[in-house]
Amino acid sequence: MNELEQRIHNEIAEKDGIPFSRFMEMALYEPGLGYYETHRDVGRGGDFYTNVSVGSLFGELLAFQFADWLAEIDGPVQLVEAGAHDGQLARDVLTYLRDWRPEIYERTDLVLWEPSSLHREWQAETLCDFEGKVKWSTEGDAFRGVFYCNELLDACSVDRYVWNQEQQSWNLSVVHSNEGNFEWGELEPPQFGLLLELEGEIALEEIPDGFVYVSGDYEIWKSVSDALKEGRALAVDYWTSPKQAIEVPTKNGSLRGYCQHHLVENVLERPGQIDITASVNETLLNSKTICGGLERKPLARQSSFLVGILEQTMKRPEQFPEWTDERTRQFQTLVHPEHLGHTFKVLECWRP
């Protein structure tokens, strides 16, 4: 049993079980021990692929769009990224702005919302060529400009609920210890608040007994809504709705793990060694957006969003790098439905 497992077992013993959201938080983010605290490699050498691991094109396309949005705002502006990991996407964005939109670059600062001291070290190393342009801040500081995140929301801690048909209620799953292993424990008293989230989405009689539903609070997005005083916010991730969850039920809802590019169904095994993720609940996040006063577009597939940017680069070739064979291959991976084009969707919001 490693140190992280021991810490989780100790907390379970103290509290007679913990919600899965707490287990996930410790498994991913426990300082010095959690998965994201000990795994830097992404892509072929890691456990999963992301848009950034395809190459620099993803960041260049985003930066092209960001530059147009920033041009609409007078004076000093900020690019704000959360969940920047080791800073590769930020580097691709800043490199594009410096080389192709210097008038925007000169009045733009990059601010990274990053609580992890280790990640700040990684980011400082990756962004060493941009000294003076990069700042670190606590989550929620007010800004004017553009917020963006790539595969951040799917790594937010979530809870696991089970539908009890007889009680007509959702019960919160807890994690217990059993002879050194982690297992789903008894269900706590009903959690009635979740019914409000599902109201109008699905009829209760449609929900089978024992159905598992996953939901998080996504407080990071509420922080974005509160902090954005002028400009836009963009989130790239994979999403689900209550209706989709009902149509394709699984024993853990949208919860799943990955290790060396293989699916791990038991998300309670080997905490700290597997990536745990859950599709973003678009219904709940929409309510967070509305509460923050932001307007939004309907979710767009990544393929259509990036094709739209591509079309603009073709009209302004003087503002974008040459479309080499390598960039073309990267673009095909980003938009092809069998690769990343349909897997990811884009949420775009703005302050009215």
# chains A, B, ... in the order shown; residues from 1 in each chain; ligands from 1
call {"tool": "closest_atom_pairs", "arguments": {"of": "region 107-200 of chain A", "to": "region 255-273 of chain A", "cutoff": "8 Å", "atoms": "only C-alpha atoms", "output": "Markdown table"}}
result
| residue | atom | partner | partner_atom | distance |
| --- | --- | --- | --- | --- |
| A:Asn181 | CA | A:Glu269 | CA | 7.8 |
| A:Phe182 | CA | A:Leu268 | CA | 6.0 |
| A:Glu183 | CA | A:Leu268 | CA | 6.8 |
call {"tool": "select_by_dssp", "arguments": {"residues": "region 18-221 of chain A", "states": "helix (DSSP H, G or I)", "output": "MDAnalysis selection string"}}
result
chainID A and resid 20:29 35:38 51:54 57:71 88:100 102:105 117:126 128:130 153:155 194:198 204:206 219:221
call {"tool": "closest_residue", "arguments": {"among": "A:Asp92, A:Asp74, A:Glu230, A:Glu37", "to": "Gly59 (chain A)", "atoms": "only C-alpha atoms"}}
result
A:Asp92
call {"tool": "select_by_dssp", "arguments": {"residues": "region 23-122 of chain A", "states": "strand (DSSP E)", "output": "MDAnalysis selection string"}}
result
chainID A and resid 77:82 108:113
call {"tool": "write_last_selection", "arguments": {"atoms": "C-alpha atoms", "output": "tab-separated table (two decimals), in the first residue's frame"}}
result
chain	number	residue	atom	x	y	z
A	77	VAL	CA	-6.03	42.68	-21.68
A	78	GLN	CA	-5.42	39.25	-20.24
A	79	LEU	CA	-5.46	35.67	-21.43
A	80	VAL	CA	-6.40	33.47	-18.48
A	81	GLU	CA	-5.88	29.70	-18.52
A	82	ALA	CA	-6.83	27.21	-15.82
A	108	THR	CA	-1.65	41.08	-23.42
A	109	ASP	CA	-0.56	39.29	-20.27
A	110	LEU	CA	-1.01	35.56	-19.69
A	111	VAL	CA	-2.39	34.69	-16.27
A	112	LEU	CA	-2.39	31.08	-15.09
A	113	TRP	CA	-4.85	30.06	-12.39
call {"tool": "atom_distance", "arguments": {"atom1": "CA of Ile202 (chain A)", "atom2": "CA of Asp237 (chain A)"}}
result
23.3 Å
call {"tool": "closest_residue", "arguments": {"among": "A:Trp239, A:Trp122, A:Phe130, A:Tyr35", "to": "Thr283 (chain A)", "atoms": "only C-alpha atoms"}}
result
A:Trp239
call {"tool": "residues_around", "arguments": {"residues": "region 50-56 of chain A", "least_positions_apart": "3", "cutoff": "9 Å", "atoms": "only C-alpha atoms", "output": "list in words"}}
result
Val42, Gly43, Arg44, Gly59, Glu60, Leu61, Gln88, Leu89, Arg91, Asp92, Val93, Asn150, Glu151, Arg327, Gln330, Phe331, Thr333, Leu334 and Leu340 of chain A
call {"tool": "closest_residue", "arguments": {"among": "A:Leu62, A:Leu187, A:Val146, A:Leu234", "to": "Asn171 (chain A)", "atoms": "only C-alpha atoms"}}
result
A:Leu187
call {"tool": "residues_around", "arguments": {"residues": "Gln165 (chain A)", "least_positions_apart": "2", "cutoff": "9 Å", "atoms": "only C-alpha atoms", "output": "list of chain:residue names"}}
result
A:Trp163, A:Gln167, A:Gln168, A:Ser169, A:Trp170, A:Leu204, A:Glu205, A:Ile207, A:Pro208, A:Asp209, A:Gly210
call {"tool": "write_last_selection", "arguments": {"atoms": "C-alpha atoms", "output": "tab-separated table (two decimals), in the first residue's frame"}}
result
chain	number	residue	atom	x	y	z
A	163	TRP	CA	-31.46	5.97	-8.28
A	167	GLN	CA	-37.95	5.65	-2.63
A	168	GLN	CA	-38.07	7.80	-5.76
A	169	SER	CA	-34.79	9.38	-4.68
A	170	TRP	CA	-31.11	9.72	-5.53
A	204	LEU	CA	-38.49	9.96	-13.30
A	205	GLU	CA	-40.45	6.96	-14.57
A	207	ILE	CA	-35.05	6.04	-14.85
A	208	PRO	CA	-34.35	2.34	-14.13
A	209	ASP	CA	-33.72	1.23	-10.56
A	210	GLY	CA	-30.02	1.27	-9.73
